[in-house]
$ cat query.pdb   # PDB, C-alpha atoms, pLDDT in the B column
ATOM      1  CA  MET A 308      20.997  72.447  16.253  1.00 56.00           C
ATOM      2  CA  GLN A 309      19.472  69.038  16.927  1.00 72.00           C
ATOM      3  CA  SER A 310      20.259  66.218  14.495  1.00 80.00           C
ATOM      4  CA  PRO A 311      17.390  64.961  12.330  1.00 92.00           C
ATOM      5  CA  LYS A 312      15.567  61.908  13.692  1.00 92.00           C
ATOM      6  CA  TYR A 313      17.009  58.450  12.965  1.00 94.00           C
ATOM      7  CA  ALA A 314      20.124  59.907  11.362  1.00 94.00           C
ATOM      8  CA  VAL A 315      23.809  59.916  12.281  1.00 91.00           C
ATOM      9  CA  LEU A 316      26.038  62.941  11.860  1.00 90.00           C
ATOM     10  CA  GLN A 317      28.905  61.957   9.584  1.00 85.00           C
ATOM     11  CA  LYS A 318      30.895  64.926   8.320  1.00 77.00           C
ATOM     12  CA  ILE A 319      31.337  68.606   9.045  1.00 78.00           C
ATOM     13  CA  ARG A 320      33.162  70.415   6.234  1.00 74.00           C
ATOM     14  CA  ASN A 321      33.221  74.180   5.982  1.00 72.00           C
ATOM     15  CA  SER A 322      30.502  74.282   8.687  1.00 76.00           C
ATOM     16  CA  LYS A 323      28.300  72.056   6.504  1.00 85.00           C
ATOM     17  CA  LYS A 324      26.916  68.880   8.115  1.00 91.00           C
ATOM     18  CA  THR A 325      25.928  65.700   6.299  1.00 94.00           C
ATOM     19  CA  TYR A 326      24.056  62.720   7.715  1.00 95.00           C
ATOM     20  CA  GLY A 327      23.627  59.020   7.133  1.00 96.00           C
ATOM     21  CA  ILE A 328      20.564  56.831   7.627  1.00 97.00           C
ATOM     22  CA  THR A 329      20.162  53.068   7.706  1.00 96.00           C
ATOM     23  CA  PRO A 330      16.806  51.414   6.919  1.00 97.00           C
ATOM     24  CA  ARG A 331      15.854  48.157   8.605  1.00 96.00           C
ATOM     25  CA  ILE A 332      16.611  45.091   6.451  1.00 96.00           C
ATOM     26  CA  PRO A 333      15.832  41.983   8.577  1.00 95.00           C
ATOM     27  CA  GLY A 334      18.594  39.419   8.272  1.00 93.00           C
ATOM     28  CA  GLY A 335      20.028  41.195   5.246  1.00 93.00           C
ATOM     29  CA  PHE A 336      17.259  39.874   3.006  1.00 94.00           C
ATOM     30  CA  ILE A 337      15.581  42.465   0.783  1.00 95.00           C
ATOM     31  CA  LYS A 338      13.054  42.316  -2.058  1.00 95.00           C
ATOM     32  CA  PRO A 339      14.234  43.550  -5.471  1.00 97.00           C
ATOM     33  CA  ASP A 340      11.576  46.308  -5.494  1.00 97.00           C
ATOM     34  CA  ASP A 341      12.807  47.648  -2.134  1.00 96.00           C
ATOM     35  CA  LEU A 342      16.405  47.533  -3.333  1.00 97.00           C
ATOM     36  CA  ILE A 343      15.456  49.547  -6.416  1.00 98.00           C
ATOM     37  CA  LYS A 344      13.526  52.024  -4.272  1.00 98.00           C
ATOM     38  CA  ILE A 345      16.523  52.601  -1.979  1.00 98.00           C
ATOM     39  CA  ALA A 346      18.738  53.247  -5.006  1.00 98.00           C
ATOM     40  CA  LYS A 347      16.275  55.668  -6.598  1.00 98.00           C
ATOM     41  CA  VAL A 348      15.703  57.670  -3.403  1.00 98.00           C
ATOM     42  CA  ALA A 349      19.449  57.854  -2.738  1.00 98.00           C
ATOM     43  CA  GLN A 350      20.042  59.063  -6.278  1.00 98.00           C
ATOM     44  CA  LYS A 351      17.307  61.700  -5.998  1.00 98.00           C
ATOM     45  CA  TYR A 352      18.849  63.243  -2.869  1.00 98.00           C
ATOM     46  CA  GLY A 353      22.486  62.837  -3.856  1.00 96.00           C
ATOM     47  CA  GLY A 354      23.204  60.113  -1.346  1.00 96.00           C
ATOM     48  CA  THR A 355      25.919  57.477  -1.464  1.00 96.00           C
ATOM     49  CA  LEU A 356      25.043  53.841  -0.775  1.00 97.00           C
ATOM     50  CA  LYS A 357      27.164  51.756   1.608  1.00 96.00           C
ATOM     51  CA  ILE A 358      26.779  48.046   2.321  1.00 95.00           C
ATOM     52  CA  THR A 359      27.235  47.886   6.093  1.00 92.00           C
ATOM     53  CA  SER A 360      28.821  45.166   8.219  1.00 89.00           C
ATOM     54  CA  GLY A 361      25.406  44.724   9.869  1.00 90.00           C
ATOM     55  CA  GLN A 362      23.748  43.317   6.709  1.00 93.00           C
ATOM     56  CA  ARG A 363      22.055  46.581   5.776  1.00 94.00           C
ATOM     57  CA  ILE A 364      22.359  49.421   3.265  1.00 97.00           C
ATOM     58  CA  ALA A 365      23.177  52.897   4.539  1.00 97.00           C
ATOM     59  CA  ILE A 366      22.475  56.101   2.632  1.00 97.00           C
ATOM     60  CA  LEU A 367      25.273  58.565   3.323  1.00 96.00           C
ATOM     61  CA  GLY A 368      25.924  62.216   2.560  1.00 94.00           C
ATOM     62  CA  LEU A 369      22.390  63.538   3.106  1.00 96.00           C
ATOM     63  CA  GLU A 370      21.549  67.139   3.901  1.00 94.00           C
ATOM     64  CA  SER A 371      19.805  67.706   7.226  1.00 93.00           C
ATOM     65  CA  ASP A 372      16.641  69.066   5.576  1.00 94.00           C
ATOM     66  CA  ASP A 373      16.409  66.021   3.320  1.00 97.00           C
ATOM     67  CA  VAL A 374      16.533  63.294   5.990  1.00 97.00           C
ATOM     68  CA  ALA A 375      12.808  63.353   6.843  1.00 96.00           C
ATOM     69  CA  LYS A 376      11.922  63.440   3.126  1.00 97.00           C
ATOM     70  CA  VAL A 377      14.108  60.409   2.455  1.00 98.00           C
ATOM     71  CA  TRP A 378      12.495  58.419   5.270  1.00 98.00           C
ATOM     72  CA  LYS A 379       9.032  59.311   3.991  1.00 97.00           C
ATOM     73  CA  GLU A 380       9.809  58.272   0.422  1.00 98.00           C
ATOM     74  CA  LEU A 381      11.462  55.046   1.528  1.00 98.00           C
ATOM     75  CA  GLY A 382       8.505  54.056   3.708  1.00 97.00           C
ATOM     76  CA  MET A 383      10.837  51.815   5.738  1.00 97.00           C
ATOM     77  CA  GLU A 384      11.591  51.481   9.449  1.00 96.00           C
ATOM     78  CA  PRO A 385      14.949  52.688  10.798  1.00 96.00           C
ATOM     79  CA  ALA A 386      17.445  49.936  11.572  1.00 94.00           C
ATOM     80  CA  VAL A 387      18.353  51.388  14.984  1.00 90.00           C
ATOM     81  CA  LEU A 388      15.740  53.050  17.178  1.00 91.00           C
ATOM     82  CA  SER A 389      18.121  53.969  20.002  1.00 91.00           C
ATOM     83  CA  PRO A 390      21.816  53.561  20.891  1.00 89.00           C
ATOM     84  CA  TYR A 391      20.558  51.814  24.026  1.00 95.00           C
ATOM     85  CA  SER A 392      18.821  48.923  22.329  1.00 96.00           C
ATOM     86  CA  ILE A 393      19.283  45.701  20.403  1.00 96.00           C
ATOM     87  CA  LYS A 394      21.109  47.074  17.402  1.00 90.00           C
ATOM     88  CA  ASN A 395      20.478  44.196  15.024  1.00 88.00           C
ATOM     89  CA  VAL A 396      20.291  40.445  14.590  1.00 94.00           C
ATOM     90  CA  GLU A 397      22.839  39.279  12.023  1.00 95.00           C
ATOM     91  CA  ILE A 398      21.844  36.074  10.261  1.00 96.00           C
ATOM     92  CA  CYS A 399      23.765  33.771   7.926  1.00 94.00           C
ATOM     93  CA  PRO A 400      21.894  32.379   4.862  1.00 92.00           C
ATOM     94  CA  ALA A 401      21.637  28.892   6.380  1.00 93.00           C
ATOM     95  CA  SER A 402      18.705  27.769   4.213  1.00 89.00           C
ATOM     96  CA  PHE A 403      20.864  28.378   1.138  1.00 93.00           C
ATOM     97  CA  CYS A 404      24.184  26.995   2.442  1.00 93.00           C
ATOM     98  CA  LYS A 405      25.483  23.445   2.067  1.00 94.00           C
ATOM     99  CA  ARG A 406      27.426  23.738   5.344  1.00 94.00           C
ATOM    100  CA  ALA A 407      24.425  24.529   7.548  1.00 94.00           C
ATOM    101  CA  LYS A 408      23.818  22.032  10.340  1.00 95.00           C
ATOM    102  CA  GLN A 409      20.377  23.478  11.180  1.00 95.00           C
ATOM    103  CA  ASN A 410      17.984  25.765   9.330  1.00 93.00           C
ATOM    104  CA  SER A 411      18.930  28.622  11.643  1.00 96.00           C
ATOM    105  CA  LEU A 412      17.459  31.220   9.284  1.00 95.00           C
ATOM    106  CA  LYS A 413      13.996  30.558  10.713  1.00 95.00           C
ATOM    107  CA  LEU A 414      15.242  31.066  14.277  1.00 97.00           C
ATOM    108  CA  GLY A 415      17.200  34.162  13.285  1.00 97.00           C
ATOM    109  CA  MET A 416      14.181  35.874  11.759  1.00 96.00           C
ATOM    110  CA  LYS A 417      12.091  34.970  14.810  1.00 97.00           C
ATOM    111  CA  LEU A 418      14.701  36.590  17.066  1.00 98.00           C
ATOM    112  CA  GLU A 419      14.910  39.645  14.798  1.00 97.00           C
ATOM    113  CA  LYS A 420      11.158  40.145  15.027  1.00 96.00           C
ATOM    114  CA  ARG A 421      11.178  39.657  18.820  1.00 97.00           C
ATOM    115  CA  PHE A 422      14.107  41.964  19.593  1.00 97.00           C
ATOM    116  CA  TYR A 423      13.873  44.696  16.956  1.00 95.00           C
ATOM    117  CA  GLY A 424      14.384  47.957  18.844  1.00 93.00           C
ATOM    118  CA  ALA A 425      14.185  46.295  22.270  1.00 97.00           C
ATOM    119  CA  PRO A 426      15.716  48.558  24.966  1.00 97.00           C
ATOM    120  CA  ALA A 427      19.001  47.468  26.547  1.00 98.00           C
ATOM    121  CA  PRO A 428      21.633  48.946  28.910  1.00 98.00           C
ATOM    122  CA  ASN A 429      23.915  49.483  25.900  1.00 96.00           C
ATOM    123  CA  ARG A 430      23.997  48.786  22.178  1.00 94.00           C
ATOM    124  CA  THR A 431      23.678  45.036  21.819  1.00 96.00           C
ATOM    125  CA  LYS A 432      24.234  42.775  18.840  1.00 96.00           C
ATOM    126  CA  ILE A 433      22.801  39.301  18.332  1.00 97.00           C
ATOM    127  CA  SER A 434      24.125  36.851  15.773  1.00 97.00           C
ATOM    128  CA  VAL A 435      22.699  33.588  14.425  1.00 97.00           C
ATOM    129  CA  ALA A 436      24.794  31.148  12.390  1.00 97.00           C
ATOM    130  CA  GLY A 437      23.919  27.833  10.754  1.00 96.00           C
ATOM    131  CA  CYS A 438      27.232  26.145  11.553  1.00 96.00           C
ATOM    132  CA  ARG A 439      30.358  26.617  13.647  1.00 95.00           C
ATOM    133  CA  ASN A 440      32.097  28.493  10.839  1.00 94.00           C
ATOM    134  CA  ALA A 441      29.975  31.350  12.230  1.00 93.00           C
ATOM    135  CA  CYS A 442      29.954  33.478   9.075  1.00 89.00           C
ATOM    136  CA  THR A 443      28.191  36.341  10.849  1.00 88.00           C
ATOM    137  CA  SER A 444      31.255  36.870  13.095  1.00 92.00           C
ATOM    138  CA  ALA A 445      29.105  35.333  15.796  1.00 95.00           C
ATOM    139  CA  TYR A 446      31.902  34.989  18.332  1.00 95.00           C
ATOM    140  CA  SER A 447      32.375  38.765  18.390  1.00 95.00           C
ATOM    141  CA  LYS A 448      28.725  39.487  19.205  1.00 96.00           C
ATOM    142  CA  ASP A 449      27.091  40.166  22.577  1.00 98.00           C
ATOM    143  CA  ILE A 450      24.781  37.174  22.127  1.00 98.00           C
ATOM    144  CA  ALA A 451      25.323  34.416  19.570  1.00 98.00           C
ATOM    145  CA  VAL A 452      23.341  31.346  18.577  1.00 98.00           C
ATOM    146  CA  ILE A 453      25.421  28.864  16.600  1.00 98.00           C
ATOM    147  CA  ALA A 454      24.064  25.675  15.062  1.00 97.00           C
ATOM    148  CA  ASP A 455      25.812  22.326  15.347  1.00 97.00           C
ATOM    149  CA  GLN A 456      24.846  18.807  14.319  1.00 95.00           C
ATOM    150  CA  ASP A 457      23.234  18.040  17.678  1.00 97.00           C
ATOM    151  CA  GLY A 458      21.554  21.410  18.327  1.00 97.00           C
ATOM    152  CA  TYR A 459      22.330  25.034  19.105  1.00 98.00           C
ATOM    153  CA  ILE A 460      25.167  26.593  21.096  1.00 98.00           C
ATOM    154  CA  VAL A 461      24.592  29.949  22.834  1.00 98.00           C
ATOM    155  CA  THR A 462      27.486  32.255  23.726  1.00 98.00           C
ATOM    156  CA  VAL A 463      27.598  35.685  25.381  1.00 98.00           C
ATOM    157  CA  GLY A 464      29.871  38.665  25.853  1.00 97.00           C
ATOM    158  CA  GLY A 465      31.830  38.614  22.604  1.00 97.00           C
ATOM    159  CA  SER A 466      33.200  41.916  21.334  1.00 95.00           C
ATOM    160  CA  ALA A 467      35.471  43.089  18.524  1.00 92.00           C
ATOM    161  CA  GLY A 468      35.242  46.732  19.536  1.00 82.00           C
ATOM    162  CA  PHE A 469      37.335  49.114  21.634  1.00 85.00           C
ATOM    163  CA  ASN A 470      37.848  46.385  24.257  1.00 86.00           C
ATOM    164  CA  PRO A 471      37.983  43.039  22.399  1.00 93.00           C
ATOM    165  CA  ARG A 472      36.591  40.094  24.345  1.00 96.00           C
ATOM    166  CA  LEU A 473      36.196  36.400  23.625  1.00 96.00           C
ATOM    167  CA  PRO A 474      32.694  35.051  24.349  1.00 97.00           C
ATOM    168  CA  ASN A 475      31.604  32.610  27.043  1.00 98.00           C
ATOM    169  CA  LYS A 476      29.531  29.529  26.287  1.00 98.00           C
ATOM    170  CA  ILE A 477      26.253  29.439  28.197  1.00 98.00           C
ATOM    171  CA  ALA A 478      24.599  26.307  26.812  1.00 98.00           C
ATOM    172  CA  GLU A 479      24.755  23.757  23.994  1.00 98.00           C
ATOM    173  CA  LYS A 480      22.665  21.028  22.345  1.00 98.00           C
ATOM    174  CA  LEU A 481      19.562  23.225  22.530  1.00 98.00           C
ATOM    175  CA  THR A 482      16.502  22.818  20.335  1.00 97.00           C
ATOM    176  CA  GLU A 483      15.286  25.764  18.277  1.00 97.00           C
ATOM    177  CA  ASP A 484      12.688  26.690  20.899  1.00 96.00           C
ATOM    178  CA  GLU A 485      15.180  26.289  23.735  1.00 97.00           C
ATOM    179  CA  ALA A 486      17.686  28.530  21.953  1.00 98.00           C
ATOM    180  CA  PHE A 487      15.016  31.219  21.554  1.00 98.00           C
ATOM    181  CA  TYR A 488      14.109  31.117  25.243  1.00 98.00           C
ATOM    182  CA  MET A 489      17.766  31.097  26.261  1.00 98.00           C
ATOM    183  CA  VAL A 490      18.314  34.348  24.345  1.00 98.00           C
ATOM    184  CA  GLU A 491      15.233  35.792  26.042  1.00 98.00           C
ATOM    185  CA  ALA A 492      16.571  34.744  29.460  1.00 98.00           C
ATOM    186  CA  ILE A 493      19.961  36.359  28.742  1.00 98.00           C
ATOM    187  CA  TYR A 494      18.315  39.560  27.537  1.00 98.00           C
ATOM    188  CA  ASP A 495      15.966  39.752  30.528  1.00 98.00           C
ATOM    189  CA  TYR A 496      18.749  39.209  33.055  1.00 98.00           C
ATOM    190  CA  TYR A 497      21.042  41.749  31.386  1.00 98.00           C
ATOM    191  CA  ASN A 498      18.244  44.298  31.243  1.00 97.00           C
ATOM    192  CA  GLU A 499      17.272  43.789  34.887  1.00 97.00           C
ATOM    193  CA  GLN A 500      20.739  43.657  36.472  1.00 98.00           C
ATOM    194  CA  ALA A 501      23.238  45.689  34.421  1.00 98.00           C
ATOM    195  CA  GLU A 502      23.818  49.401  34.849  1.00 97.00           C
ATOM    196  CA  MET A 503      22.898  51.819  32.057  1.00 97.00           C
ATOM    197  CA  GLY A 504      25.807  52.110  29.639  1.00 96.00           C
ATOM    198  CA  GLU A 505      27.321  48.780  30.694  1.00 97.00           C
ATOM    199  CA  LYS A 506      28.184  46.405  27.855  1.00 96.00           C
ATOM    200  CA  LEU A 507      27.154  42.789  28.313  1.00 98.00           C
ATOM    201  CA  GLY A 508      30.748  41.504  28.383  1.00 97.00           C
ATOM    202  CA  HIS A 509      31.768  44.059  31.008  1.00 97.00           C
ATOM    203  CA  PHE A 510      28.724  43.171  33.102  1.00 98.00           C
ATOM    204  CA  ILE A 511      29.641  39.459  32.946  1.00 98.00           C
ATOM    205  CA  ASP A 512      33.216  40.194  34.017  1.00 97.00           C
ATOM    206  CA  LYS A 513      31.928  42.261  36.929  1.00 98.00           C
ATOM    207  CA  ILE A 514      29.650  39.590  38.384  1.00 98.00           C
ATOM    208  CA  THR A 515      31.668  36.570  37.078  1.00 98.00           C
ATOM    209  CA  ILE A 516      30.623  34.177  34.348  1.00 98.00           C
ATOM    210  CA  ASP A 517      29.680  31.506  36.888  1.00 98.00           C
ATOM    211  CA  LYS A 518      27.047  33.713  38.521  1.00 98.00           C
ATOM    212  CA  PHE A 519      25.810  34.988  35.172  1.00 98.00           C
ATOM    213  CA  ARG A 520      25.433  31.465  33.757  1.00 98.00           C
ATOM    214  CA  SER A 521      23.757  30.143  36.903  1.00 98.00           C
ATOM    215  CA  ASP A 522      21.217  32.993  37.110  1.00 98.00           C
ATOM    216  CA  VAL A 523      20.443  32.928  33.392  1.00 98.00           C
ATOM    217  CA  ILE A 524      19.861  29.168  33.386  1.00 98.00           C
ATOM    218  CA  LYS A 525      17.391  29.605  36.276  1.00 97.00           C
ATOM    219  CA  LYS A 526      15.493  32.186  34.209  1.00 97.00           C
ATOM    220  CA  PHE A 527      15.640  29.895  31.197  1.00 97.00           C
ATOM    221  CA  LYS A 528      14.157  26.980  33.152  1.00 96.00           C
ATOM    222  CA  GLU A 529      11.332  29.205  34.407  1.00 95.00           C
ATOM    223  CA  LYS A 530      10.529  30.224  30.835  1.00 94.00           C
ATOM    224  CA  ILE A 531      10.494  26.612  29.661  1.00 93.00           C
ATOM    225  CA  LYS A 532       8.291  25.629  32.632  1.00 90.00           C
ATOM    226  CA  ASN A 533       5.833  28.468  31.943  1.00 87.00           C
ATOM    227  CA  LYS A 534       5.715  27.513  28.275  1.00 81.00           C
ATOM    228  CA  SER A 535       4.831  23.919  29.226  1.00 70.00           C
ATOM    229  CA  ILE A 536       2.055  25.114  31.545  1.00 73.00           C
ATOM    230  CA  LYS A 537       0.525  27.334  28.829  1.00 68.00           C
ATOM    231  CA  THR A 538       0.570  24.576  26.231  1.00 55.00           C
TER     232      THR A 538
END
$ encode --input "query.pdb" --output "structure tokens"
Amino acid sequence: MQSPKYAVLQKIRNSKKTYGITPRIPGGFIKPDDLIKIAKVAQKYGGTLKITSGQRIAILGLESDDVAKVWKELGMEPAVLSPYSIKNVEICPASFCKRAKQNSLKLGMKLEKRFYGAPAPNRTKISVAGCRNACTSAYSKDIAVIADQDGYIVTVGGSAGFNPRLPNKIAEKLTEDEAFYMVEAIYDYYNEQAEMGEKLGHFIDKITIDKFRSDVIKKFKEKIKNKSIKT
């Protein structure tokens, strides 16, 4: 039997399957009314709420027949459209933090809007942090944008998963716009050159960081040039 759409199989006990779903909550920011709605719908269908590491709220323990009903009553988009996509953009609350070096929240939400559900060779996480404390575990993400006093740092290839990997720095002292286009350049290159199923860090190790950095910076410069021509 096929799993219900936008749901993850979680448990099989006595031949009984239960599923979990995760609504999209950009940057982890949610309106009180939506928070109340999630709680009420979960309660109605006997679900359990879980605060996820990806700044979202999962509803666990749902019956297969109830998944579509829950999505309809929530009226929200799913957090993950495909396992081969940008999974999420994790964002620290820079606008509300005394340690923030830049208001990276604005950039983070712009990236979330641009890359929500974007296809990729493998599940890919992006992180945006307002200072080098990197509260979103930025250094363990596939792509990270980290604010410093003199601009943004962009790193790639971090992973805390099955094969842990420290990230590589691609650029620093970038403006907000430059950081956005650098992430686009990284995403485009990864999408065009990596094999399906290949994680970004593994792809970098295969072709070497020097080649990856050189090719991505060329793409970045083209994007900046095209932006200047349009404006």
$ residues_around --input "query.pdb" --residues "Gly354 (chain A)" --least-positions-apart "2" --cutoff "9 Å" --atoms "all atoms listed in the file" --output "VMD selection string"
chain A and resid 327 346 348 to 352 356 366 to 370
$ resolve_selection --input "query.pdb" --expression "the PyMOL selection byres ((chain A and resi 308-325) around 9)" --output "PyMOL selection string"
chain A and resi 326-329+367-372+374-375+378+385-389
$ write_last_selection --input "query.pdb" --atoms "C-alpha atoms" --output "short mmCIF file (atom, residue, chain, number, x, y, z; two decimals), keeping the file's coordinate frame"
data_model
loop_
_atom_site.label_atom_id
_atom_site.label_comp_id
_atom_site.auth_asym_id
_atom_site.auth_seq_id
_atom_site.Cartn_x
_atom_site.Cartn_y
_atom_site.Cartn_z
CA TYR A 326 24.06 62.72 7.72
CA GLY A 327 23.63 59.02 7.13
CA ILE A 328 20.56 56.83 7.63
CA THR A 329 20.16 53.07 7.71
CA LEU A 367 25.27 58.56 3.32
CA GLY A 368 25.92 62.22 2.56
CA LEU A 369 22.39 63.54 3.11
CA GLU A 370 21.55 67.14 3.90
CA SER A 371 19.80 67.71 7.23
CA ASP A 372 16.64 69.07 5.58
CA VAL A 374 16.53 63.29 5.99
CA ALA A 375 12.81 63.35 6.84
CA TRP A 378 12.50 58.42 5.27
CA PRO A 385 14.95 52.69 10.80
CA ALA A 386 17.44 49.94 11.57
CA VAL A 387 18.35 51.39 14.98
CA LEU A 388 15.74 53.05 17.18
CA SER A 389 18.12 53.97 20.00
#
$ resolve_selection --input "query.pdb" --expression "the PyMOL selection byres ((chain A and resi 508) around 8)" --output "list in words"
Asp449, Val463, Gly464, Gly465, Ser466, Arg472, Pro474, Lys506, Leu507, His509, Phe510, Ile511 and Asp512 of chain A
$ closest_residue --input "query.pdb" --among "A:Cys399, A:Phe422, A:Asn470, A:Asn410" --to "Ala445 (chain A)" --atoms "all atoms listed in the file"
A:Cys399
$ closest_residue --input "query.pdb" --among "A:Leu473, A:Ile433, A:Ile516, A:Arg439" --to "Val490 (chain A)" --atoms "all atoms listed in the file"
A:Ile433
$ closest_residue --input "query.pdb" --among "A:Phe469, A:Phe527, A:Tyr446, A:Tyr459" --to "Lys432 (chain A)" --atoms "all atoms listed in the file"
A:Tyr446
$ closest_residue --input "query.pdb" --among "A:Pro330, A:Gly382, A:Pro428, A:Gly437" --to "Asn395 (chain A)" --atoms "only C-alpha atoms"
A:Pro330
$ residues_around --input "query.pdb" --residues "Ser392 (chain A)" --least-positions-apart "6" --cutoff "7 Å" --atoms "only C-alpha atoms" --output "count of residues only"
7
$ resolve_selection --input "query.pdb" --expression "the PyMOL selection byres ((chain A and resi 489) around 8)" --output "list in words"
Val461, Glu485, Ala486, Phe487, Tyr488, Val490, Glu491, Ala492, Ile493, Val523, Ile524 and Phe527 of chain A
$ write_last_selection --input "query.pdb" --atoms "C-alpha atoms" --output "mmCIF file, in the frame of the given file"
data_model
loop_
_atom_site.group_PDB
_atom_site.id
_atom_site.type_symbol
_atom_site.label_atom_id
_atom_site.label_comp_id
_atom_site.auth_asym_id
_atom_site.auth_seq_id
_atom_site.Cartn_x
_atom_site.Cartn_y
_atom_site.Cartn_z
ATOM 1 C CA VAL A 461 24.592 29.949 22.834
ATOM 2 C CA GLU A 485 15.180 26.289 23.735
ATOM 3 C CA ALA A 486 17.686 28.530 21.953
ATOM 4 C CA PHE A 487 15.016 31.219 21.554
ATOM 5 C CA TYR A 488 14.109 31.117 25.243
ATOM 6 C CA VAL A 490 18.314 34.348 24.345
ATOM 7 C CA GLU A 491 15.233 35.792 26.042
ATOM 8 C CA ALA A 492 16.571 34.744 29.460
ATOM 9 C CA ILE A 493 19.961 36.359 28.742
ATOM 10 C CA VAL A 523 20.443 32.928 33.392
ATOM 11 C CA ILE A 524 19.861 29.168 33.386
ATOM 12 C CA PHE A 527 15.640 29.895 31.197
#
$ build_atoms --input "query.pdb" --residues "region 488-502 of chain A" --atoms "N, CA, C and O atoms" --output "PDB file, keeping the file's coordinate frame"
ATOM      1  N   TYR A 488      14.373  30.752  23.850  1.00 98.00           N
ATOM      2  CA  TYR A 488      14.109  31.117  25.243  1.00 98.00           C
ATOM      3  C   TYR A 488      15.393  31.402  26.014  1.00 98.00           C
ATOM      4  O   TYR A 488      15.389  32.203  26.953  1.00 98.00           O
ATOM      5  N   MET A 489      16.491  30.794  25.618  1.00 98.00           N
ATOM      6  CA  MET A 489      17.766  31.097  26.261  1.00 98.00           C
ATOM      7  C   MET A 489      18.187  32.535  25.949  1.00 98.00           C
ATOM      8  O   MET A 489      18.658  33.258  26.837  1.00 98.00           O
ATOM      9  N   VAL A 490      18.008  32.959  24.703  1.00 98.00           N
ATOM     10  CA  VAL A 490      18.314  34.348  24.345  1.00 98.00           C
ATOM     11  C   VAL A 490      17.417  35.302  25.126  1.00 98.00           C
ATOM     12  O   VAL A 490      17.877  36.336  25.623  1.00 98.00           O
ATOM     13  N   GLU A 491      16.150  34.969  25.249  1.00 98.00           N
ATOM     14  CA  GLU A 491      15.233  35.792  26.042  1.00 98.00           C
ATOM     15  C   GLU A 491      15.694  35.883  27.496  1.00 98.00           C
ATOM     16  O   GLU A 491      15.651  36.957  28.099  1.00 98.00           O
ATOM     17  N   ALA A 492      16.115  34.764  28.067  1.00 98.00           N
ATOM     18  CA  ALA A 492      16.571  34.744  29.460  1.00 98.00           C
ATOM     19  C   ALA A 492      17.815  35.618  29.632  1.00 98.00           C
ATOM     20  O   ALA A 492      17.932  36.370  30.613  1.00 98.00           O
ATOM     21  N   ILE A 493      18.744  35.539  28.701  1.00 98.00           N
ATOM     22  CA  ILE A 493      19.961  36.359  28.742  1.00 98.00           C
ATOM     23  C   ILE A 493      19.596  37.837  28.657  1.00 98.00           C
ATOM     24  O   ILE A 493      20.082  38.666  29.440  1.00 98.00           O
ATOM     25  N   TYR A 494      18.732  38.170  27.712  1.00 98.00           N
ATOM     26  CA  TYR A 494      18.315  39.560  27.537  1.00 98.00           C
ATOM     27  C   TYR A 494      17.621  40.084  28.788  1.00 98.00           C
ATOM     28  O   TYR A 494      17.921  41.191  29.264  1.00 98.00           O
ATOM     29  N   ASP A 495      16.703  39.324  29.341  1.00 98.00           N
ATOM     30  CA  ASP A 495      15.966  39.752  30.528  1.00 98.00           C
ATOM     31  C   ASP A 495      16.912  40.008  31.705  1.00 98.00           C
ATOM     32  O   ASP A 495      16.802  41.025  32.402  1.00 98.00           O
ATOM     33  N   TYR A 496      17.830  39.085  31.922  1.00 98.00           N
ATOM     34  CA  TYR A 496      18.749  39.209  33.055  1.00 98.00           C
ATOM     35  C   TYR A 496      19.662  40.421  32.885  1.00 98.00           C
ATOM     36  O   TYR A 496      19.880  41.197  33.832  1.00 98.00           O
ATOM     37  N   TYR A 497      20.186  40.595  31.699  1.00 98.00           N
ATOM     38  CA  TYR A 497      21.042  41.749  31.386  1.00 98.00           C
ATOM     39  C   TYR A 497      20.286  43.052  31.602  1.00 98.00           C
ATOM     40  O   TYR A 497      20.776  43.994  32.231  1.00 98.00           O
ATOM     41  N   ASN A 498      19.068  43.094  31.121  1.00 97.00           N
ATOM     42  CA  ASN A 498      18.244  44.298  31.243  1.00 97.00           C
ATOM     43  C   ASN A 498      17.916  44.620  32.696  1.00 97.00           C
ATOM     44  O   ASN A 498      17.872  45.786  33.093  1.00 97.00           O
ATOM     45  N   GLU A 499      17.684  43.605  33.494  1.00 97.00           N
ATOM     46  CA  GLU A 499      17.272  43.789  34.887  1.00 97.00           C
ATOM     47  C   GLU A 499      18.453  44.118  35.810  1.00 97.00           C
ATOM     48  O   GLU A 499      18.281  44.862  36.782  1.00 97.00           O
ATOM     49  N   GLN A 500      19.634  43.591  35.509  1.00 98.00           N
ATOM     50  CA  GLN A 500      20.739  43.657  36.472  1.00 98.00           C
ATOM     51  C   GLN A 500      21.878  44.603  36.099  1.00 98.00           C
ATOM     52  O   GLN A 500      22.571  45.114  36.990  1.00 98.00           O
ATOM     53  N   ALA A 501      22.098  44.855  34.830  1.00 98.00           N
ATOM     54  CA  ALA A 501      23.238  45.689  34.421  1.00 98.00           C
ATOM     55  C   ALA A 501      22.929  47.172  34.592  1.00 98.00           C
ATOM     56  O   ALA A 501      21.763  47.589  34.573  1.00 98.00           O
ATOM     57  N   GLU A 502      23.974  47.952  34.755  1.00 97.00           N
ATOM     58  CA  GLU A 502      23.818  49.401  34.849  1.00 97.00           C
ATOM     59  C   GLU A 502      23.707  50.003  33.449  1.00 97.00           C
ATOM     60  O   GLU A 502      24.239  49.455  32.479  1.00 97.00           O
TER      61      GLU A 502
END
